[in-house]
Amino acid sequence: MDKKELREGLKKLEAYLEQYEMTSMFLEEGDQAPLDSLILGLRISDELSLDVSCNFVDAPDYGSILQYYGQLDLDGMMAESPGTLTELTILQMINLLNKMFPVGQLLYMQDDKSPMHAIGLRYTMRTELDSDEELERCGDVVEMLMDDYELLCSVLVLVLEGQTVQSAMDTVVQLTAEETEQET
């Protein structure tokens, strides 16, 4: 598909997600964005929100690859809890969560510029956003990313409160299982 068709696909996704009252903004490729991007405001609660960019990555040999990417800045948390939130703790947390997630991935990113430390939430999928089924599938992915972000934040809060990564993971797994039981 050409860029114009992919751009229209992102606009269709934006319109589709409006029914779920999701805040979004389309940015056309240019000075503000290196690629056509749909920015999604994932809001779990007043305290938990994450902006996720949704765009097509250039992979001509593989078809149309849609990427979702959000980033959680850790610099402030690391400064407030230098002994608790260390690079080793972050890596342990990300490794355990990545084992738990059925799809998608968390990345620990370090840079010389701000933010210096961040956790990236990423998911890619093949789609051209050219059918209702594809739009529905993308909506399911957005919901899954919200769940993944909520799990990440839950573990992160428990670690910041002084729990080890493993005990925080055990607590979150137990609470998730109890919540699932109550729903059935």
# chains A, B, ... in the order shown; residues from 1 in each chain; ligands from 1
call {"tool": "select_by_dssp", "arguments": {"residues": "segment 70-181 of chain A", "states": "helix (DSSP H, G or I)", "output": "ChimeraX atom specification"}}
result
/A:75-80,87-100,132-160,165-181
call {"tool": "closest_atom_pairs", "arguments": {"of": "segment 95-131 of chain A", "to": "segment 152-164 of chain A", "cutoff": "12 Å", "atoms": "only C-alpha atoms", "output": "Markdown table"}}
result
| residue | atom | partner | partner_atom | distance |
| --- | --- | --- | --- | --- |
| A:Asn95 | CA | A:Leu152 | CA | 11.3 |
| A:Leu96 | CA | A:Val155 | CA | 10.3 |
| A:Leu97 | CA | A:Leu152 | CA | 7.3 |
| A:Asn98 | CA | A:Leu152 | CA | 10.0 |
| A:Met100 | CA | A:Leu152 | CA | 10.8 |
| A:Phe101 | CA | A:Leu152 | CA | 10.4 |
| A:Gln105 | CA | A:Leu152 | CA | 11.0 |
| A:Leu106 | CA | A:Leu152 | CA | 9.0 |
| A:Leu107 | CA | A:Leu152 | CA | 11.6 |
| A:Ile119 | CA | A:Leu152 | CA | 9.4 |
| A:Gly120 | CA | A:Leu152 | CA | 10.7 |
| A:Leu121 | CA | A:Leu152 | CA | 9.5 |
call {"tool": "write_last_selection", "arguments": {"atoms": "all heavy atoms", "output": "mmCIF file, in the first residue's frame"}}
result
data_model
loop_
_atom_site.group_PDB
_atom_site.id
_atom_site.type_symbol
_atom_site.label_atom_id
_atom_site.label_comp_id
_atom_site.auth_asym_id
_atom_site.auth_seq_id
_atom_site.Cartn_x
_atom_site.Cartn_y
_atom_site.Cartn_z
ATOM 1 N N ASN A 95 12.145 -8.078 32.616
ATOM 2 C CA ASN A 95 12.296 -9.473 32.201
ATOM 3 C C ASN A 95 11.140 -10.327 32.691
ATOM 4 O O ASN A 95 10.586 -11.136 31.934
ATOM 5 C CB ASN A 95 13.628 -10.042 32.691
ATOM 6 C CG ASN A 95 14.805 -9.531 31.893
ATOM 7 O OD1 ASN A 95 14.660 -9.090 30.760
ATOM 8 N ND2 ASN A 95 15.973 -9.559 32.498
ATOM 9 N N LEU A 96 10.750 -10.166 33.951
ATOM 10 C CA LEU A 96 9.631 -10.945 34.484
ATOM 11 C C LEU A 96 8.311 -10.579 33.811
ATOM 12 O O LEU A 96 7.507 -11.450 33.487
ATOM 13 C CB LEU A 96 9.535 -10.775 35.998
ATOM 14 C CG LEU A 96 10.626 -11.466 36.812
ATOM 15 C CD1 LEU A 96 10.543 -11.076 38.289
ATOM 16 C CD2 LEU A 96 10.550 -12.978 36.654
ATOM 17 N N LEU A 97 8.074 -9.290 33.597
ATOM 18 C CA LEU A 97 6.836 -8.882 32.934
ATOM 19 C C LEU A 97 6.790 -9.369 31.489
ATOM 20 O O LEU A 97 5.738 -9.802 31.010
ATOM 21 C CB LEU A 97 6.665 -7.364 33.001
ATOM 22 C CG LEU A 97 6.207 -6.819 34.349
ATOM 23 C CD1 LEU A 97 6.385 -5.313 34.411
ATOM 24 C CD2 LEU A 97 4.760 -7.197 34.622
ATOM 25 N N ASN A 98 7.923 -9.315 30.778
ATOM 26 C CA ASN A 98 7.941 -9.800 29.399
ATOM 27 C C ASN A 98 7.629 -11.292 29.321
ATOM 28 O O ASN A 98 6.999 -11.749 28.366
ATOM 29 C CB ASN A 98 9.285 -9.499 28.730
ATOM 30 C CG ASN A 98 9.351 -8.094 28.182
ATOM 31 O OD1 ASN A 98 8.342 -7.492 27.833
ATOM 32 N ND2 ASN A 98 10.558 -7.557 28.113
ATOM 33 N N MET A 100 5.596 -12.730 31.333
ATOM 34 C CA MET A 100 4.174 -12.818 31.678
ATOM 35 C C MET A 100 3.268 -12.376 30.531
ATOM 36 O O MET A 100 2.179 -12.923 30.346
ATOM 37 C CB MET A 100 3.932 -11.940 32.909
ATOM 38 C CG MET A 100 2.607 -12.086 33.546
ATOM 39 S SD MET A 100 2.652 -11.095 35.063
ATOM 40 C CE MET A 100 0.944 -10.723 35.229
ATOM 41 N N PHE A 101 3.699 -11.379 29.758
ATOM 42 C CA PHE A 101 2.870 -10.867 28.674
ATOM 43 C C PHE A 101 2.800 -11.887 27.541
ATOM 44 O O PHE A 101 3.825 -12.356 27.068
ATOM 45 C CB PHE A 101 3.447 -9.567 28.094
ATOM 46 C CG PHE A 101 3.417 -8.385 29.012
ATOM 47 C CD1 PHE A 101 4.183 -7.279 28.730
ATOM 48 C CD2 PHE A 101 2.636 -8.359 30.148
ATOM 49 C CE1 PHE A 101 4.171 -6.168 29.555
ATOM 50 C CE2 PHE A 101 2.608 -7.263 30.994
ATOM 51 C CZ PHE A 101 3.380 -6.163 30.694
ATOM 52 N N GLN A 105 5.932 -6.152 24.138
ATOM 53 C CA GLN A 105 7.175 -6.205 24.905
ATOM 54 C C GLN A 105 7.454 -4.887 25.589
ATOM 55 O O GLN A 105 7.006 -3.832 25.158
ATOM 56 C CB GLN A 105 8.340 -6.560 24.002
ATOM 57 C CG GLN A 105 8.584 -5.523 22.927
ATOM 58 C CD GLN A 105 9.445 -6.043 21.795
ATOM 59 O OE1 GLN A 105 9.649 -7.227 21.654
ATOM 60 N NE2 GLN A 105 9.945 -5.158 20.971
ATOM 61 N N LEU A 106 8.205 -4.997 26.677
ATOM 62 C CA LEU A 106 8.718 -3.839 27.381
ATOM 63 C C LEU A 106 10.204 -3.743 27.085
ATOM 64 O O LEU A 106 10.891 -4.757 26.982
ATOM 65 C CB LEU A 106 8.512 -3.981 28.890
ATOM 66 C CG LEU A 106 7.072 -4.016 29.364
ATOM 67 C CD1 LEU A 106 7.017 -4.312 30.857
ATOM 68 C CD2 LEU A 106 6.372 -2.707 29.064
ATOM 69 N N LEU A 107 10.700 -2.528 26.960
ATOM 70 C CA LEU A 107 12.111 -2.293 26.682
ATOM 71 C C LEU A 107 12.642 -1.318 27.719
ATOM 72 O O LEU A 107 11.978 -0.335 28.041
ATOM 73 C CB LEU A 107 12.280 -1.659 25.296
ATOM 74 C CG LEU A 107 11.528 -2.296 24.137
ATOM 75 C CD1 LEU A 107 11.421 -1.324 22.980
ATOM 76 C CD2 LEU A 107 12.251 -3.545 23.714
ATOM 77 N N ILE A 119 11.020 3.217 30.226
ATOM 78 C CA ILE A 119 10.519 1.896 29.827
ATOM 79 C C ILE A 119 9.617 2.120 28.632
ATOM 80 O O ILE A 119 8.679 2.922 28.683
ATOM 81 C CB ILE A 119 9.732 1.221 30.968
ATOM 82 C CG1 ILE A 119 10.668 0.907 32.136
ATOM 83 C CG2 ILE A 119 9.065 -0.065 30.459
ATOM 84 C CD1 ILE A 119 9.974 0.311 33.343
ATOM 85 N N GLY A 120 9.933 1.437 27.550
ATOM 86 C CA GLY A 120 9.112 1.519 26.352
ATOM 87 C C GLY A 120 8.150 0.343 26.299
ATOM 88 O O GLY A 120 8.504 -0.776 26.672
ATOM 89 N N LEU A 121 6.936 0.588 25.875
ATOM 90 C CA LEU A 121 5.916 -0.442 25.674
ATOM 91 C C LEU A 121 5.679 -0.508 24.173
ATOM 92 O O LEU A 121 5.299 0.500 23.559
ATOM 93 C CB LEU A 121 4.636 -0.059 26.426
ATOM 94 C CG LEU A 121 3.404 -0.936 26.254
ATOM 95 C CD1 LEU A 121 3.687 -2.346 26.761
ATOM 96 C CD2 LEU A 121 2.239 -0.334 27.025
#
call {"tool": "select_by_dssp", "arguments": {"residues": "segment 85-150 of chain A", "states": "strand (DSSP E)", "output": "list in words"}}
result
Gln105, Leu106, Leu107, Tyr108, Met109, Gln110, His117, Ala118, Ile119, Gly120, Leu121, Arg122, Tyr123, Thr124, Met125 and Arg126 of chain A
call {"tool": "write_last_selection", "arguments": {"atoms": "all heavy atoms", "output": "compact mmCIF listing (two decimals), in the first residue's frame"}}
result
# COMPACT_ATOMS: atom_id res chain seq x y z
N GLN A 105 5.93 -6.15 24.14
CA GLN A 105 7.17 -6.20 24.90
C GLN A 105 7.45 -4.89 25.59
O GLN A 105 7.01 -3.83 25.16
CB GLN A 105 8.34 -6.56 24.00
CG GLN A 105 8.58 -5.52 22.93
CD GLN A 105 9.44 -6.04 21.80
OE1 GLN A 105 9.65 -7.23 21.65
NE2 GLN A 105 9.94 -5.16 20.97
N LEU A 106 8.20 -5.00 26.68
CA LEU A 106 8.72 -3.84 27.38
C LEU A 106 10.20 -3.74 27.09
O LEU A 106 10.89 -4.76 26.98
CB LEU A 106 8.51 -3.98 28.89
CG LEU A 106 7.07 -4.02 29.36
CD1 LEU A 106 7.02 -4.31 30.86
CD2 LEU A 106 6.37 -2.71 29.06
N LEU A 107 10.70 -2.53 26.96
CA LEU A 107 12.11 -2.29 26.68
C LEU A 107 12.64 -1.32 27.72
O LEU A 107 11.98 -0.33 28.04
CB LEU A 107 12.28 -1.66 25.30
CG LEU A 107 11.53 -2.30 24.14
CD1 LEU A 107 11.42 -1.32 22.98
CD2 LEU A 107 12.25 -3.54 23.71
N TYR A 108 13.83 -1.58 28.24
CA TYR A 108 14.48 -0.61 29.11
C TYR A 108 15.42 0.20 28.24
O TYR A 108 16.29 -0.34 27.58
CB TYR A 108 15.25 -1.31 30.23
CG TYR A 108 16.03 -0.35 31.11
CD1 TYR A 108 15.44 0.82 31.61
CD2 TYR A 108 17.33 -0.60 31.46
CE1 TYR A 108 16.14 1.70 32.41
CE2 TYR A 108 18.04 0.27 32.27
CZ TYR A 108 17.45 1.41 32.74
OH TYR A 108 18.15 2.28 33.54
N MET A 109 15.23 1.51 28.25
CA MET A 109 16.01 2.36 27.36
C MET A 109 16.79 3.38 28.16
O MET A 109 16.27 3.97 29.10
CB MET A 109 15.07 3.02 26.37
CG MET A 109 14.36 1.97 25.57
SD MET A 109 13.15 2.50 24.38
CE MET A 109 12.69 4.07 24.86
N GLN A 110 18.04 3.55 27.77
CA GLN A 110 18.91 4.53 28.38
C GLN A 110 19.41 5.44 27.28
O GLN A 110 19.66 5.00 26.16
CB GLN A 110 20.09 3.86 29.07
CG GLN A 110 19.67 2.91 30.17
CD GLN A 110 20.82 2.07 30.62
OE1 GLN A 110 21.28 1.21 29.90
NE2 GLN A 110 21.29 2.33 31.83
N HIS A 117 16.39 7.55 31.44
CA HIS A 117 15.93 6.19 31.71
C HIS A 117 14.44 6.13 31.42
O HIS A 117 13.69 6.98 31.89
CB HIS A 117 16.18 5.81 33.17
CG HIS A 117 17.62 5.94 33.57
ND1 HIS A 117 18.53 4.94 33.37
CD2 HIS A 117 18.31 6.97 34.12
CE1 HIS A 117 19.71 5.33 33.80
NE2 HIS A 117 19.61 6.56 34.26
N ALA A 118 14.02 5.13 30.67
CA ALA A 118 12.61 5.00 30.33
C ALA A 118 12.28 3.53 30.07
O ALA A 118 13.15 2.74 29.74
CB ALA A 118 12.27 5.82 29.10
N ILE A 119 11.02 3.22 30.23
CA ILE A 119 10.52 1.90 29.83
C ILE A 119 9.62 2.12 28.63
O ILE A 119 8.68 2.92 28.68
CB ILE A 119 9.73 1.22 30.97
CG1 ILE A 119 10.67 0.91 32.14
CG2 ILE A 119 9.07 -0.06 30.46
CD1 ILE A 119 9.97 0.31 33.34
N GLY A 120 9.93 1.44 27.55
CA GLY A 120 9.11 1.52 26.35
C GLY A 120 8.15 0.34 26.30
O GLY A 120 8.50 -0.78 26.67
N LEU A 121 6.94 0.59 25.88
CA LEU A 121 5.92 -0.44 25.67
C LEU A 121 5.68 -0.51 24.17
O LEU A 121 5.30 0.50 23.56
CB LEU A 121 4.64 -0.06 26.43
CG LEU A 121 3.40 -0.94 26.25
CD1 LEU A 121 3.69 -2.35 26.76
CD2 LEU A 121 2.24 -0.33 27.02
N ARG A 122 5.92 -1.69 23.58
CA ARG A 122 5.88 -1.78 22.12
C ARG A 122 5.12 -3.02 21.67
O ARG A 122 5.22 -4.08 22.27
CB ARG A 122 7.31 -1.85 21.59
CG ARG A 122 7.38 -1.88 20.09
CD ARG A 122 8.83 -1.76 19.65
NE ARG A 122 8.88 -1.63 18.22
CZ ARG A 122 9.65 -2.36 17.43
NH1 ARG A 122 10.46 -3.25 17.94
NH2 ARG A 122 9.63 -2.19 16.14
N TYR A 123 4.38 -2.85 20.57
CA TYR A 123 3.70 -3.97 19.93
C TYR A 123 3.65 -3.67 18.44
O TYR A 123 3.40 -2.54 18.03
CB TYR A 123 2.27 -4.12 20.47
CG TYR A 123 1.54 -5.27 19.85
CD1 TYR A 123 1.79 -6.58 20.27
CD2 TYR A 123 0.62 -5.08 18.84
CE1 TYR A 123 1.14 -7.65 19.69
CE2 TYR A 123 -0.05 -6.14 18.26
CZ TYR A 123 0.22 -7.43 18.68
OH TYR A 123 -0.42 -8.48 18.10
N THR A 124 3.91 -4.68 17.63
CA THR A 124 3.80 -4.52 16.18
C THR A 124 2.88 -5.60 15.62
O THR A 124 2.77 -6.69 16.18
CB THR A 124 5.17 -4.64 15.48
OG1 THR A 124 5.76 -5.90 15.79
CG2 THR A 124 6.11 -3.53 15.90
N MET A 125 2.23 -5.26 14.51
CA MET A 125 1.33 -6.22 13.86
C MET A 125 1.25 -5.92 12.37
O MET A 125 1.41 -4.77 11.95
CB MET A 125 -0.06 -6.17 14.49
CG MET A 125 -0.76 -4.83 14.33
SD MET A 125 -2.31 -4.66 15.25
CE MET A 125 -3.43 -5.66 14.31
N ARG A 126 1.02 -6.96 11.59
CA ARG A 126 0.79 -6.78 10.15
C ARG A 126 -0.66 -6.43 9.93
O ARG A 126 -1.56 -7.15 10.34
CB ARG A 126 1.10 -8.07 9.41
CG ARG A 126 2.49 -8.15 8.88
CD ARG A 126 2.69 -9.37 8.07
NE ARG A 126 2.29 -9.06 6.69
CZ ARG A 126 2.15 -9.97 5.75
NH1 ARG A 126 2.34 -11.23 6.00
NH2 ARG A 126 1.82 -9.60 4.54
call {"tool": "residues_around", "arguments": {"residues": "Lys11 of chain A", "least_positions_apart": "3", "cutoff": "8 Å", "atoms": "only C-alpha atoms", "output": "MDAnalysis selection string"}}
result
chainID A and resid 7:8 14:15 26 38
call {"tool": "atom_distance", "arguments": {"atom1": "atom CA of Leu42 of chain A", "atom2": "atom CA of Tyr62 of chain A"}}
result
28.1 Å
call {"tool": "atom_distance", "arguments": {"atom1": "atom CA of Asp58 of chain A", "atom2": "atom CA of Tyr20 of chain A"}}
result
28.8 Å
call {"tool": "residues_around", "arguments": {"residues": "Glu128 of chain A", "least_positions_apart": "2", "cutoff": "12 Å", "atoms": "only C-alpha atoms", "output": "NGL selection string"}}
result
:A and (1-13 or 55-57 or 62-67 or 125-126 or 130-135 or 137-138)
